[in-house]
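Trainee: Handing over upload.cif, mmCIF, C-alpha atoms and all ligand atoms.
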data_model
loop_
_atom_site.label_atom_id
_atom_site.label_comp_id
_atom_site.auth_asym_id
_atom_site.auth_seq_id
_atom_site.Cartn_x
_atom_site.Cartn_y
_atom_site.Cartn_z
CA MET A 1 79.16 88.51 113.02
CA SER A 2 80.95 91.16 110.94
CA ILE A 3 84.71 90.90 110.39
CA VAL A 4 87.11 93.54 111.73
CA LEU A 5 90.46 93.60 109.97
CA ASP A 6 93.21 94.58 112.37
CA PRO A 7 96.44 95.73 110.71
CA TRP A 8 98.28 95.27 114.01
CA GLY A 9 96.75 91.89 114.89
CA HIS A 10 97.86 88.29 114.54
CA ILE A 11 94.71 86.56 113.34
CA ALA A 12 94.78 84.24 110.33
CA ILE A 13 92.04 84.92 107.78
CA GLU A 14 89.92 81.96 106.80
CA ASN A 15 87.42 83.26 104.26
CA TYR A 16 88.75 85.62 101.60
CA GLU A 17 85.55 85.57 99.57
CA ARG A 18 83.74 87.05 102.52
CA LEU A 19 86.17 89.97 102.65
CA LEU A 20 85.24 90.87 99.08
CA VAL A 21 81.59 91.11 100.05
CA GLU A 22 82.02 92.66 103.47
CA PHE A 23 84.45 95.44 102.52
CA GLY A 24 83.60 96.01 98.86
CA ILE A 25 87.02 94.82 97.71
CA ARG A 26 86.77 93.95 93.99
CA PRO A 27 87.75 90.46 92.79
CA ILE A 28 91.07 90.44 90.93
CA ASP A 29 89.59 88.30 88.15
CA GLU A 30 87.97 91.35 86.58
CA VAL A 31 91.34 92.87 85.67
CA LEU A 32 93.28 89.74 84.71
CA ASN A 33 92.90 90.41 80.99
CA SER A 34 95.51 93.18 81.19
CA TYR A 35 98.73 92.19 79.45
CA ILE A 36 100.97 93.26 82.31
CA ILE A 37 99.30 90.97 84.81
CA ASN A 38 101.52 87.98 84.17
CA HIS A 39 102.91 87.20 87.60
CA LYS A 40 102.21 83.91 89.39
CA TYR A 41 100.53 85.78 92.28
CA PHE A 42 97.80 86.88 89.89
CA THR A 43 97.38 83.61 88.00
CA ARG A 44 97.30 81.65 91.27
CA ARG A 45 94.94 84.21 92.87
CA VAL A 46 97.38 84.80 95.73
CA ILE A 47 96.52 88.41 94.91
CA PHE A 48 92.79 88.02 95.07
CA GLY A 49 91.30 91.51 95.33
CA HIS A 50 91.81 95.16 94.47
CA ARG A 51 90.47 98.67 94.69
CA ASP A 52 90.68 100.76 91.49
CA PHE A 53 93.55 98.67 90.12
CA ASN A 54 91.83 98.92 86.71
CA GLN A 55 92.22 102.71 86.82
CA TRP A 56 95.87 102.41 87.77
CA LEU A 57 96.42 99.95 84.91
CA ASN A 58 94.75 102.31 82.45
CA ALA A 59 97.07 105.09 83.58
CA TYR A 60 100.09 102.77 83.29
CA GLN A 61 99.09 101.51 79.85
CA SER A 62 98.46 104.99 78.49
CA GLY A 63 101.81 106.30 79.74
CA GLY A 64 100.47 108.16 82.80
CA LYS A 65 102.62 108.99 85.79
CA VAL A 66 102.35 105.96 88.05
CA ALA A 67 104.16 104.69 91.12
CA VAL A 68 103.95 101.80 93.56
CA LEU A 69 104.33 102.36 97.28
CA THR A 70 104.19 100.09 100.26
CA GLY A 71 105.42 100.10 103.82
CA LEU A 72 106.88 97.64 106.29
CA MET A 73 107.03 97.93 110.05
CA PRO A 74 110.58 97.17 111.21
CA SER A 75 109.86 94.88 114.12
CA GLY A 76 110.84 91.23 114.22
CA ASP A 77 112.75 89.71 111.32
CA PRO A 78 111.61 89.59 107.68
CA HIS A 79 110.09 86.24 106.75
CA LEU A 80 108.54 84.58 103.73
CA GLY A 81 105.37 86.64 104.23
CA THR A 82 107.41 89.86 104.09
CA ALA A 83 109.05 88.53 100.94
CA MET A 84 105.67 88.56 99.19
CA VAL A 85 105.71 92.36 99.38
CA TYR A 86 109.27 92.43 98.02
CA GLU A 87 108.20 90.12 95.22
CA GLU A 88 105.33 92.43 94.24
CA LEU A 89 107.58 95.51 94.26
CA ARG A 90 110.14 93.63 92.17
CA PHE A 91 107.46 92.63 89.67
CA PHE A 92 106.15 96.17 89.14
CA GLN A 93 109.65 97.54 88.98
CA GLU A 94 110.44 95.09 86.18
CA LYS A 95 107.54 96.69 84.33
CA GLY A 96 109.35 100.00 84.57
CA VAL A 97 107.41 101.41 87.53
CA PHE A 98 109.09 103.55 90.19
CA VAL A 99 108.67 101.95 93.61
CA LYS A 100 108.95 103.46 97.05
CA MET A 101 109.12 101.61 100.35
CA ALA A 102 108.35 103.20 103.72
CA ILE A 103 110.05 101.94 106.83
CA ALA A 104 107.28 102.49 109.37
CA ASP A 105 109.62 103.31 112.21
CA ALA A 106 107.28 105.87 113.82
CA GLU A 107 104.67 103.11 114.00
CA ALA A 108 107.06 100.49 115.40
CA TYR A 109 108.26 102.99 117.97
CA ALA A 110 104.77 104.07 119.10
CA VAL A 111 102.54 101.02 118.60
CA ARG A 112 105.00 98.19 119.28
CA ARG A 113 107.01 100.27 121.79
CA GLU A 114 110.19 99.10 120.13
CA ASP A 115 113.55 100.49 121.20
CA ARG A 116 114.60 103.37 118.93
CA ASP A 117 118.05 102.01 117.97
CA SER A 118 116.72 98.58 117.23
CA VAL A 119 113.98 100.02 114.99
CA VAL A 120 116.56 101.92 112.93
CA LYS A 121 118.79 98.83 112.68
CA LYS A 122 115.90 96.62 111.67
CA GLY A 123 114.84 99.16 109.08
CA LEU A 124 118.25 98.78 107.44
CA ASP A 125 117.79 95.05 107.56
CA PHE A 126 114.40 95.20 105.82
CA ILE A 127 115.96 97.33 103.08
CA ALA A 128 118.93 94.97 102.65
CA HIS A 129 116.49 92.08 102.23
CA ALA A 130 114.44 94.05 99.69
CA LEU A 131 117.59 94.68 97.64
CA ALA A 132 118.63 91.05 97.97
CA TRP A 133 115.20 89.95 96.77
CA GLY A 134 115.88 91.82 93.53
CA ILE A 135 114.60 95.36 93.96
CA ASN A 136 116.81 97.62 91.87
CA PRO A 137 117.85 100.70 93.87
CA ASP A 138 118.18 102.73 90.65
CA ASN A 139 114.41 102.95 90.30
CA ALA A 140 113.40 102.69 93.95
CA GLU A 141 113.49 104.80 97.06
CA PHE A 142 113.48 103.76 100.70
CA TYR A 143 112.71 106.06 103.58
CA TYR A 144 112.09 106.11 107.30
CA GLN A 145 108.90 107.87 108.35
CA THR A 146 110.81 109.94 110.90
CA SER A 147 113.26 111.19 108.26
CA MET A 148 110.55 112.88 106.25
CA ASP A 149 110.28 116.63 105.93
CA SER A 150 107.69 119.18 106.94
CA SER A 151 105.34 118.79 103.92
CA TYR A 152 104.84 115.12 104.81
CA TYR A 153 104.19 115.97 108.46
CA ARG A 154 101.90 118.81 107.43
CA LEU A 155 99.74 116.18 105.70
CA ILE A 156 99.32 114.29 108.97
CA GLN A 157 98.20 117.46 110.71
CA LEU A 158 95.77 118.32 107.92
CA PHE A 159 94.34 114.80 107.90
CA SER A 160 93.70 114.93 111.64
CA ARG A 161 91.33 117.88 111.06
CA LYS A 162 89.01 115.95 108.79
CA VAL A 163 88.53 112.61 110.47
CA SER A 164 86.48 111.86 113.55
CA GLU A 165 87.11 109.41 116.36
CA ALA A 166 83.89 107.58 115.46
CA GLU A 167 85.09 107.05 111.88
CA MET A 168 88.43 105.77 113.06
CA LYS A 169 86.72 103.36 115.44
CA ALA A 170 84.40 102.15 112.69
CA ILE A 171 87.42 101.34 110.50
CA TYR A 172 89.88 100.02 113.08
CA GLY A 173 87.84 98.86 116.04
CA ASP A 174 89.90 99.28 119.18
CA LEU A 175 92.20 102.32 119.08
CA SER A 176 94.90 103.97 121.14
CA PRO A 177 96.55 107.39 120.59
CA ALA A 178 99.57 105.55 119.16
CA LYS A 179 97.41 103.72 116.65
CA ILE A 180 95.65 106.93 115.59
CA MET A 181 99.04 108.54 115.01
CA ALA A 182 100.23 105.46 113.10
CA ALA A 183 97.11 105.35 110.90
CA LEU A 184 97.36 109.04 109.94
CA THR A 185 101.07 108.60 109.27
CA GLN A 186 100.29 105.67 106.96
CA ALA A 187 97.83 107.91 105.10
CA ALA A 188 100.63 110.44 104.63
CA ASP A 189 102.89 107.61 103.38
CA ILE A 190 100.35 106.62 100.76
CA LEU A 191 99.37 110.12 99.64
CA HIS A 192 102.60 112.15 99.89
CA LEU A 193 103.82 110.93 96.49
CA GLN A 194 101.09 113.03 94.90
CA LEU A 195 102.56 116.26 96.24
CA ASP A 196 104.72 118.17 93.78
CA GLU A 197 107.66 118.05 96.20
CA TYR A 198 107.61 114.25 95.96
CA GLY A 199 107.19 113.77 92.23
CA GLY A 200 103.51 114.56 91.73
CA PHE A 201 102.53 110.95 90.97
CA LYS A 202 98.74 110.92 90.64
CA TYR A 203 98.27 107.19 90.24
CA VAL A 204 99.71 105.36 93.20
CA LEU A 205 99.24 101.63 93.70
CA VAL A 206 99.65 100.05 97.13
CA PRO A 207 100.32 96.30 97.18
CA VAL A 208 99.67 94.90 100.67
CA GLY A 209 98.38 91.97 102.67
CA VAL A 210 94.63 92.26 103.03
CA ASP A 211 94.93 92.88 106.77
CA GLN A 212 96.21 96.36 105.82
CA ASP A 213 92.98 97.30 104.04
CA PRO A 214 91.76 99.52 106.94
CA HIS A 215 94.63 101.91 106.15
CA LEU A 216 93.52 102.02 102.52
CA ARG A 217 89.91 102.71 103.43
CA LEU A 218 90.91 105.59 105.68
CA THR A 219 93.36 106.96 103.12
CA ARG A 220 90.87 106.83 100.25
CA ASP A 221 88.32 108.75 102.34
CA LEU A 222 90.97 111.34 103.21
CA ALA A 223 91.97 111.69 99.54
CA ASP A 224 88.32 112.48 98.71
CA ARG A 225 88.16 115.09 101.48
CA PHE A 226 91.35 116.79 100.26
CA GLU A 227 90.65 116.52 96.56
CA ASN A 228 90.01 120.25 96.17
CA GLU A 229 92.47 121.56 98.71
CA LEU A 230 95.47 119.38 97.75
CA ALA A 231 94.41 117.82 94.41
CA LEU A 232 94.69 114.34 95.91
CA LYS A 233 93.34 111.27 94.13
CA ARG A 234 92.31 108.00 95.71
CA PRO A 235 95.16 105.46 95.68
CA ALA A 236 94.61 102.04 94.10
CA SER A 237 95.44 98.86 96.00
CA ILE A 238 95.90 95.15 95.46
CA TYR A 239 95.56 92.58 98.22
CA HIS A 240 97.39 89.34 98.69
CA LYS A 241 96.32 86.49 100.90
CA LEU A 242 98.37 86.13 104.05
CA LEU A 243 100.90 83.33 104.09
CA ARG A 244 99.94 81.28 107.12
CA GLY A 245 102.35 80.29 109.86
CA LEU A 246 103.67 76.74 109.93
CA ASP A 247 101.00 75.78 112.47
CA GLY A 248 98.17 77.22 110.33
CA GLY A 249 97.92 80.55 112.25
CA LYS A 250 99.14 83.89 110.89
CA MET A 251 102.82 83.97 109.89
CA SER A 252 103.86 86.83 112.08
CA LYS A 253 107.12 88.44 113.08
CA SER A 254 105.95 88.10 116.67
CA ARG A 255 105.59 84.28 116.41
CA PRO A 256 109.09 83.45 115.16
CA GLU A 257 108.85 79.73 115.81
CA TYR A 258 106.06 79.40 113.22
CA ALA A 259 107.67 81.54 110.53
CA ILE A 260 110.47 80.89 108.08
CA HIS A 261 112.74 83.90 108.29
CA LEU A 262 114.88 85.05 105.43
CA THR A 263 117.97 84.70 107.61
CA ASP A 264 117.08 81.34 109.14
CA PRO A 265 120.00 78.94 108.69
CA PRO A 266 118.87 76.60 105.89
CA ASP A 267 119.05 73.54 108.21
CA LEU A 268 116.70 75.20 110.69
CA ALA A 269 114.32 76.32 107.93
CA GLU A 270 114.18 72.79 106.53
CA LYS A 271 113.49 71.41 109.98
CA LYS A 272 110.66 73.91 110.51
CA LEU A 273 109.14 73.02 107.17
CA MET A 274 109.32 69.29 107.89
CA ASN A 275 107.20 69.95 111.02
CA ALA A 276 104.62 72.12 109.27
CA LEU A 277 100.91 71.40 109.29
CA THR A 278 99.92 69.46 106.16
CA GLY A 279 96.71 68.25 104.58
CA GLY A 280 97.85 64.64 104.95
CA ARG A 281 95.59 61.85 106.21
CA ALA A 282 95.90 59.99 109.48
CA THR A 283 97.69 56.99 107.93
CA ALA A 284 99.73 56.32 104.78
CA GLU A 285 97.17 53.72 103.68
CA GLU A 286 94.34 56.25 103.98
CA GLN A 287 96.32 58.88 102.08
CA ARG A 288 97.09 56.48 99.22
CA ARG A 289 93.39 55.61 99.05
CA LEU A 290 91.79 59.05 99.54
CA GLY A 291 94.60 61.43 98.53
CA GLY A 292 95.76 64.43 100.56
CA GLU A 293 94.02 67.78 101.02
CA PRO A 294 96.41 70.44 99.64
CA TRP A 295 93.94 73.26 100.29
CA LYS A 296 94.56 72.70 104.03
CA CYS A 297 98.31 72.28 103.71
CA ILE A 298 100.95 74.87 104.65
CA VAL A 299 103.56 73.11 102.53
CA PHE A 300 101.34 73.43 99.47
CA GLU A 301 100.89 77.09 100.36
CA LEU A 302 104.68 77.50 100.35
CA TYR A 303 104.84 75.87 96.91
CA THR A 304 102.11 78.25 95.71
CA TYR A 305 103.55 81.46 97.15
CA HIS A 306 107.27 80.85 96.71
CA LEU A 307 108.60 77.42 95.79
CA ALA A 308 106.91 76.33 92.55
CA SER A 309 108.27 78.45 89.75
CA ASP A 310 105.84 77.45 87.01
CA GLU A 311 102.24 76.34 86.72
CA ASN A 312 103.10 72.82 85.53
CA GLU A 313 105.18 72.18 88.60
CA LEU A 314 102.44 73.45 90.91
CA ARG A 315 99.82 71.35 89.11
CA GLU A 316 102.05 68.28 89.46
CA VAL A 317 102.39 68.79 93.23
CA TYR A 318 98.63 69.21 93.50
CA ASN A 319 97.80 66.16 91.37
CA ASP A 320 100.38 63.97 93.13
CA CYS A 321 98.80 64.99 96.42
CA VAL A 322 95.10 64.53 95.65
CA SER A 323 95.70 61.25 93.85
CA GLY A 324 97.64 59.84 96.80
CA ARG A 325 100.61 59.08 94.48
CA VAL A 326 102.98 61.06 96.70
CA LEU A 327 102.86 61.07 100.49
CA CYS A 328 103.63 64.02 102.71
CA GLY A 329 107.15 62.95 103.71
CA GLN A 330 108.37 62.87 100.10
CA CYS A 331 106.47 66.03 99.18
CA LYS A 332 107.91 67.92 102.15
CA ARG A 333 111.47 66.77 101.38
CA ARG A 334 111.12 68.16 97.85
CA ALA A 335 109.79 71.45 99.24
CA ALA A 336 112.59 71.57 101.81
CA GLU A 337 115.25 71.24 99.09
CA LYS A 338 113.69 74.09 97.15
CA LEU A 339 113.46 76.21 100.27
CA ARG A 340 117.12 75.59 101.05
CA ALA A 341 118.14 76.68 97.54
CA LEU A 342 116.01 79.83 97.81
CA LEU A 343 117.47 80.80 101.19
CA VAL A 344 121.08 80.04 100.29
CA GLU A 345 120.86 82.26 97.21
CA HIS A 346 118.97 85.02 99.01
CA GLN A 347 121.29 85.06 102.00
CA LYS A 348 124.40 85.37 99.81
CA ARG A 349 122.97 88.55 98.29
CA TYR A 350 121.58 89.77 101.61
CA TYR A 351 124.93 89.67 103.42
CA ASP A 352 126.53 91.62 100.55
CA PHE A 353 123.88 94.34 100.71
CA ARG A 354 123.87 94.36 104.51
CA ASN A 355 127.43 95.68 104.52
CA ASN A 356 126.64 98.79 102.49
CA VAL A 357 122.88 99.27 102.89
CA GLU A 358 123.29 102.67 104.58
CA LYS A 359 124.08 104.26 101.25
CA TYR A 360 120.54 103.50 100.03
CA VAL A 361 118.59 105.36 102.74
CA GLU A 362 118.84 108.41 104.95
CA LYS A 363 118.85 107.29 108.59
CA PRO A 364 116.61 109.17 111.05
CA SER A 365 118.48 111.83 112.93
CA PHE A 366 116.69 111.62 116.25
S1 LIG B 401 101.29 65.54 99.90
FE1 LIG B 401 102.27 67.54 99.96
S2 LIG B 401 100.71 68.98 99.34
FE2 LIG B 401 99.68 67.08 99.88
S3 LIG B 401 99.09 67.33 102.01
FE3 LIG B 401 101.06 66.28 101.99
S4 LIG B 401 102.59 67.90 102.15
FE4 LIG B 401 100.66 68.84 101.57
#
What is this structure when it is put down as structure tokens?
Ligand code: SF4
Mentor:
Amino acid sequence: MSIVLDPWGHIAIENYERLLVEFGIRPIDEVLNSYIINHKYFTRRVIFGHRDFNQWLNAYQSGGKVAVLTGLMPSGDPHLGTAMVYEELRFFQEKGVFVKMAIADAEAYAVRREDRDSVVKKGLDFIAHALAWGINPDNAEFYYQTSMDSSYYRLIQLFSRKVSEAEMKAIYGDLSPAKIMAALTQAADILHLQLDEYGGFKYVLVPVGVDQDPHLRLTRDLADRFENELALKRPASIYHKLLRGLDGGKMSKSRPEYAIHLTDPPDLAEKKLMNALTGGRATAEEQRRLGGEPWKCIVFELYTYHLASDENELREVYNDCVSGRVLCGQCKRRAAEKLRALLVEHQKRYYDFRNNVEKYVEKPSF
């Protein structure tokens, strides 16, 4: 059975290798020789695939005009999965790249049927968390979709002329008018930076969870169709694996009990982590004898994505687990302490930014 990626769904992905084959996503290994690729997400293959990232890197390395853009839908509360996007933006910004973050409020309003005021408020929250995570506002821009001007909206109208319902269904599966609007708006998000009015960046990289690949496929096709008319180029993209929920399903804003949110009180977050699914054996005796199975374990995933700062530390956790030297209780307590430290630090910065976040973005006026 073929896989359908649903950017609005809540399904955990089990086989990333298969996505490479099925959708023609390129393995990240083929670009890892570039000197700028020195972030743990690359070395640990958390970012596992790309489209045209090599071309973007060539442009970056030869001094071309490059930018990074991604978008977040302001529904629910930001969690450790959302933080992966912040982390990627922060990394590229440290390399001197301009980054732009869309608050997909039109999408939240139409697809999730969220209340207008709450969408705007949550958008501010997502921005405050991005700043707290370390994104420097001096070389970044945040915007709400509904605050954009006519040239951005003109793109959506133009795109709608050159895509058929059958193509949309082939990419997205089930569709509603709201989802069609949201998909075309996302294409405008990704491509508007190439317009002169928005800086004329011709090499745009989109770092996203792999469930967002349908938007990239649509957008790349649209860029081809408007190459002559608007001088658009295909965007590049990199894909990270999705941090699973604490029960092994997708970590989703709509399943708060299985996610660690960036504003969870540290005691609650620790408690959630201590109850997470692990790769431990049925008994302590069995685990000492056979070792644990970190590849099944959510706690090990948290070490990999956020908690282990260097490779030696991650290797030690892995070796302690598979050798049976350390049992899950001890391993989880160590992870919980690290999680607490991360949240305490982040929340201090977040509450500072939360008080003055409005100066970093223009709020929608309707
Ligand atoms: S020892 Fe740690 S890494 Fe291994 S299964 Fe248990 S919690 Fe997971």
Trainee: In Å, rounded to a single decimal, give me how far CA of Lys100 in chain A is from CA of Arg349 in chain A.
Mentor: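 So the answer is 20.5 Å.
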Trainee: Give me the residues within 10 Å of Ile25 in chain A as an NGL selection string, counting all atoms listed in the file and dropping any in the same chain fewer than 3 places off.
Mentor: :A and (17-22 or 28 or 48-52 or 210 or 213 or 237-239)
Trainee: Would you output that residue set with C-alpha atoms, as a compact mmCIF listing (two decimals), in the coordinates of the input?
Mentor:
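Done, and the output landed in part39.txt:
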# COMPACT_ATOMS: atom_id res chain seq x y z
CA GLU A 17 85.55 85.57 99.57
CA ARG A 18 83.74 87.05 102.52
CA LEU A 19 86.17 89.97 102.65
CA LEU A 20 85.24 90.87 99.08
CA VAL A 21 81.59 91.11 100.05
CA GLU A 22 82.02 92.66 103.47
CA ILE A 28 91.07 90.44 90.93
CA PHE A 48 92.79 88.02 95.07
CA GLY A 49 91.30 91.51 95.33
CA HIS A 50 91.81 95.16 94.47
CA ARG A 51 90.47 98.67 94.69
CA ASP A 52 90.68 100.76 91.49
CA VAL A 210 94.63 92.26 103.03
CA ASP A 213 92.98 97.30 104.04
CA SER A 237 95.44 98.86 96.00
CA ILE A 238 95.90 95.15 95.46
CA TYR A 239 95.56 92.58 98.22
Trainee: Do you know which residues are at most 12 Å from Ala269 in chain A counting all atoms listed in the file, after dropping those on the same chain fewer than 4 positions away, and could you put them as number ranges by chain?
Mentor: A: 79-80, 246, 256-265, 273-276, 333, 335-344
Trainee: Please identify all polymer residues within 12 Å of Asp196 in chain A, counting all atoms listed in the file, omitting same-chain residues fewer than 5 positions from it, and present them as a count of residues only.
Mentor: 8
Trainee: Which value, in Å to one decimal, gives the distance between CA of Phe92 in chain A and CA of Val208 in chain A?
Mentor: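 Going from CA of Phe92 in chain A over to CA of Val208 in chain A covers 13.3 Å.
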Trainee: For ligand LIG 401 (chain B), which residue among A:Ser252, A:Gln347, A:Ser323, A:Thr82 is the nearest when counting only C-alpha atoms and all ligand atoms?
Mentor: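 Smallest separation from ligand LIG 401 (chain B) among the options: A:Ser323.
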Trainee: For each of A:Lys359, A:His346, A:His306, A:Arg281, take the minimum atom-to-atom distance to ligand LIG 401 (chain B), counting all atoms listed in the file, then give the residue where this is smallest.
Mentor: A:Arg281
Trainee: Give the answer as one residue: which of A:Gln93, A:Asn356, A:Gln61, A:Thr43 has the shortest atom-to-atom distance to Glu141 in chain A, using all atoms listed in the file?
Mentor: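 Residue with the minimum atom-to-atom distance to Glu141 in chain A: A:Gln93.
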Trainee: Give me the residues near range 128-135 of chain A as a ChimeraX atom specification, where near means some atom within 9 Å (using all atoms listed in the file) and where sequence neighbours in that chain fewer than 6 positions away do not count.
Mentor: /A:78,83,85-87,89-91,93-94,99,262,346-357
Trainee: With only C-alpha atoms as the atoms that count, which of A:Val66, A:Cys321, A:Leu314, A:Val46 lies nearest to Gly292 in chain A?
Mentor: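 Closest to Gly292 in chain A of all the choices is A:Cys321.
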Trainee: Please, what distance in Å, to one decimal, runs between CA of Gly173 in chain A and CA of Asp247 in chain A?
Mentor: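 Computing the Euclidean distance for CA of Gly173 in chain A and CA of Asp247 in chain A yields 26.8 Å.
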Trainee: How would you write, as an mmCIF file with C-alpha atoms, in the frame of the given file, the set of residues no farther than 12 Å from ligand LIG 401 (chain B) when counting all atoms listed in the file?
Mentor:
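Wrote it out as part02.cif, contents follow:
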data_model
loop_
_atom_site.group_PDB
_atom_site.id
_atom_site.type_symbol
_atom_site.label_atom_id
_atom_site.label_comp_id
_atom_site.auth_asym_id
_atom_site.auth_seq_id
_atom_site.Cartn_x
_atom_site.Cartn_y
_atom_site.Cartn_z
ATOM 1 C CA LEU A 246 103.670 76.740 109.930
ATOM 2 C CA LEU A 273 109.140 73.020 107.170
ATOM 3 C CA MET A 274 109.320 69.290 107.890
ATOM 4 C CA ASN A 275 107.200 69.950 111.020
ATOM 5 C CA ALA A 276 104.620 72.120 109.270
ATOM 6 C CA LEU A 277 100.910 71.400 109.290
ATOM 7 C CA THR A 278 99.920 69.460 106.160
ATOM 8 C CA GLY A 279 96.710 68.250 104.580
ATOM 9 C CA GLY A 280 97.850 64.640 104.950
ATOM 10 C CA ARG A 281 95.590 61.850 106.210
ATOM 11 C CA ALA A 282 95.900 59.990 109.480
ATOM 12 C CA THR A 283 97.690 56.990 107.930
ATOM 13 C CA ALA A 284 99.730 56.320 104.780
ATOM 14 C CA GLN A 287 96.320 58.880 102.080
ATOM 15 C CA ARG A 288 97.090 56.480 99.220
ATOM 16 C CA LEU A 290 91.790 59.050 99.540
ATOM 17 C CA GLY A 291 94.600 61.430 98.530
ATOM 18 C CA GLY A 292 95.760 64.430 100.560
ATOM 19 C CA GLU A 293 94.020 67.780 101.020
ATOM 20 C CA PRO A 294 96.410 70.440 99.640
ATOM 21 C CA TRP A 295 93.940 73.260 100.290
ATOM 22 C CA LYS A 296 94.560 72.700 104.030
ATOM 23 C CA CYS A 297 98.310 72.280 103.710
ATOM 24 C CA ILE A 298 100.950 74.870 104.650
ATOM 25 C CA VAL A 299 103.560 73.110 102.530
ATOM 26 C CA PHE A 300 101.340 73.430 99.470
ATOM 27 C CA GLU A 301 100.890 77.090 100.360
ATOM 28 C CA LEU A 302 104.680 77.500 100.350
ATOM 29 C CA TYR A 303 104.840 75.870 96.910
ATOM 30 C CA THR A 304 102.110 78.250 95.710
ATOM 31 C CA ALA A 308 106.910 76.330 92.550
ATOM 32 C CA LEU A 314 102.440 73.450 90.910
ATOM 33 C CA ARG A 315 99.820 71.350 89.110
ATOM 34 C CA GLU A 316 102.050 68.280 89.460
ATOM 35 C CA VAL A 317 102.390 68.790 93.230
ATOM 36 C CA TYR A 318 98.630 69.210 93.500
ATOM 37 C CA ASN A 319 97.800 66.160 91.370
ATOM 38 C CA ASP A 320 100.380 63.970 93.130
ATOM 39 C CA CYS A 321 98.800 64.990 96.420
ATOM 40 C CA VAL A 322 95.100 64.530 95.650
ATOM 41 C CA SER A 323 95.700 61.250 93.850
ATOM 42 C CA GLY A 324 97.640 59.840 96.800
ATOM 43 C CA ARG A 325 100.610 59.080 94.480
ATOM 44 C CA VAL A 326 102.980 61.060 96.700
ATOM 45 C CA LEU A 327 102.860 61.070 100.490
ATOM 46 C CA CYS A 328 103.630 64.020 102.710
ATOM 47 C CA GLY A 329 107.150 62.950 103.710
ATOM 48 C CA GLN A 330 108.370 62.870 100.100
ATOM 49 C CA CYS A 331 106.470 66.030 99.180
ATOM 50 C CA LYS A 332 107.910 67.920 102.150
ATOM 51 C CA ARG A 333 111.470 66.770 101.380
ATOM 52 C CA ARG A 334 111.120 68.160 97.850
ATOM 53 C CA ALA A 335 109.790 71.450 99.240
ATOM 54 C CA ALA A 336 112.590 71.570 101.810
#
Trainee: Taking (99.0, 107.4, 106.7) in the file's coordinates as the center, which residues reach within 9 Å of it, counting only C-alpha atoms, put as JSON, numbers by chain?
Mentor: {"A": [155, 156, 159, 181, 182, 183, 184, 185, 186, 187, 188, 189, 190, 191, 215, 216, 218, 219]}
Trainee: Measuring between only C-alpha atoms, which one of A:Gly248, A:Gly81, A:Gly76, A:Gly64 shows the shortest distance to Lys122 in chain A?
Mentor: A:Gly76
Trainee: At most 6 Å from (102.2, 102.2, 94.1), file frame, only C-alpha atoms: which residues, as a list in words?
Mentor: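 Within the cut-off we find Ala67, Val68, Leu69, Val204, Leu205 and Val206 of chain A.
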Trainee: Since the input lacks some atoms of range 349-357 of chain A, please model N, CA, C and O atoms and print them as a CSV table (one decimal), keeping the file's coordinate frame.
Mentor:
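The resulting file, rebuild.csv, is shown below:
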chain,number,residue,atom,x,y,z
A,349,ARG,N,123.2,87.2,98.7
A,349,ARG,CA,123.0,88.6,98.3
A,349,ARG,C,122.7,89.5,99.5
A,349,ARG,O,123.2,90.6,99.6
A,350,TYR,N,121.9,89.0,100.4
A,350,TYR,CA,121.6,89.8,101.6
A,350,TYR,C,122.8,90.2,102.4
A,350,TYR,O,123.0,91.4,102.7
A,351,TYR,N,123.8,89.3,102.6
A,351,TYR,CA,124.9,89.7,103.4
A,351,TYR,C,125.8,90.7,102.7
A,351,TYR,O,126.4,91.5,103.3
A,352,ASP,N,125.8,90.6,101.3
A,352,ASP,CA,126.5,91.6,100.6
A,352,ASP,C,125.9,93.0,100.7
A,352,ASP,O,126.6,94.0,101.0
A,353,PHE,N,124.6,93.0,100.6
A,353,PHE,CA,123.9,94.3,100.7
A,353,PHE,C,123.9,94.9,102.1
A,353,PHE,O,124.0,96.1,102.4
A,354,ARG,N,123.9,94.0,103.1
A,354,ARG,CA,123.9,94.4,104.5
A,354,ARG,C,125.1,95.2,104.9
A,354,ARG,O,125.0,96.1,105.7
A,355,ASN,N,126.2,94.9,104.2
A,355,ASN,CA,127.4,95.7,104.5
A,355,ASN,C,127.4,97.1,104.0
A,355,ASN,O,128.2,97.9,104.5
A,356,ASN,N,126.6,97.4,103.0
A,356,ASN,CA,126.6,98.8,102.5
A,356,ASN,C,125.2,99.4,102.3
A,356,ASN,O,125.0,100.3,101.5
A,357,VAL,N,124.3,98.8,103.1
A,357,VAL,CA,122.9,99.3,102.9
A,357,VAL,C,122.7,100.7,103.2
A,357,VAL,O,121.8,101.4,102.7
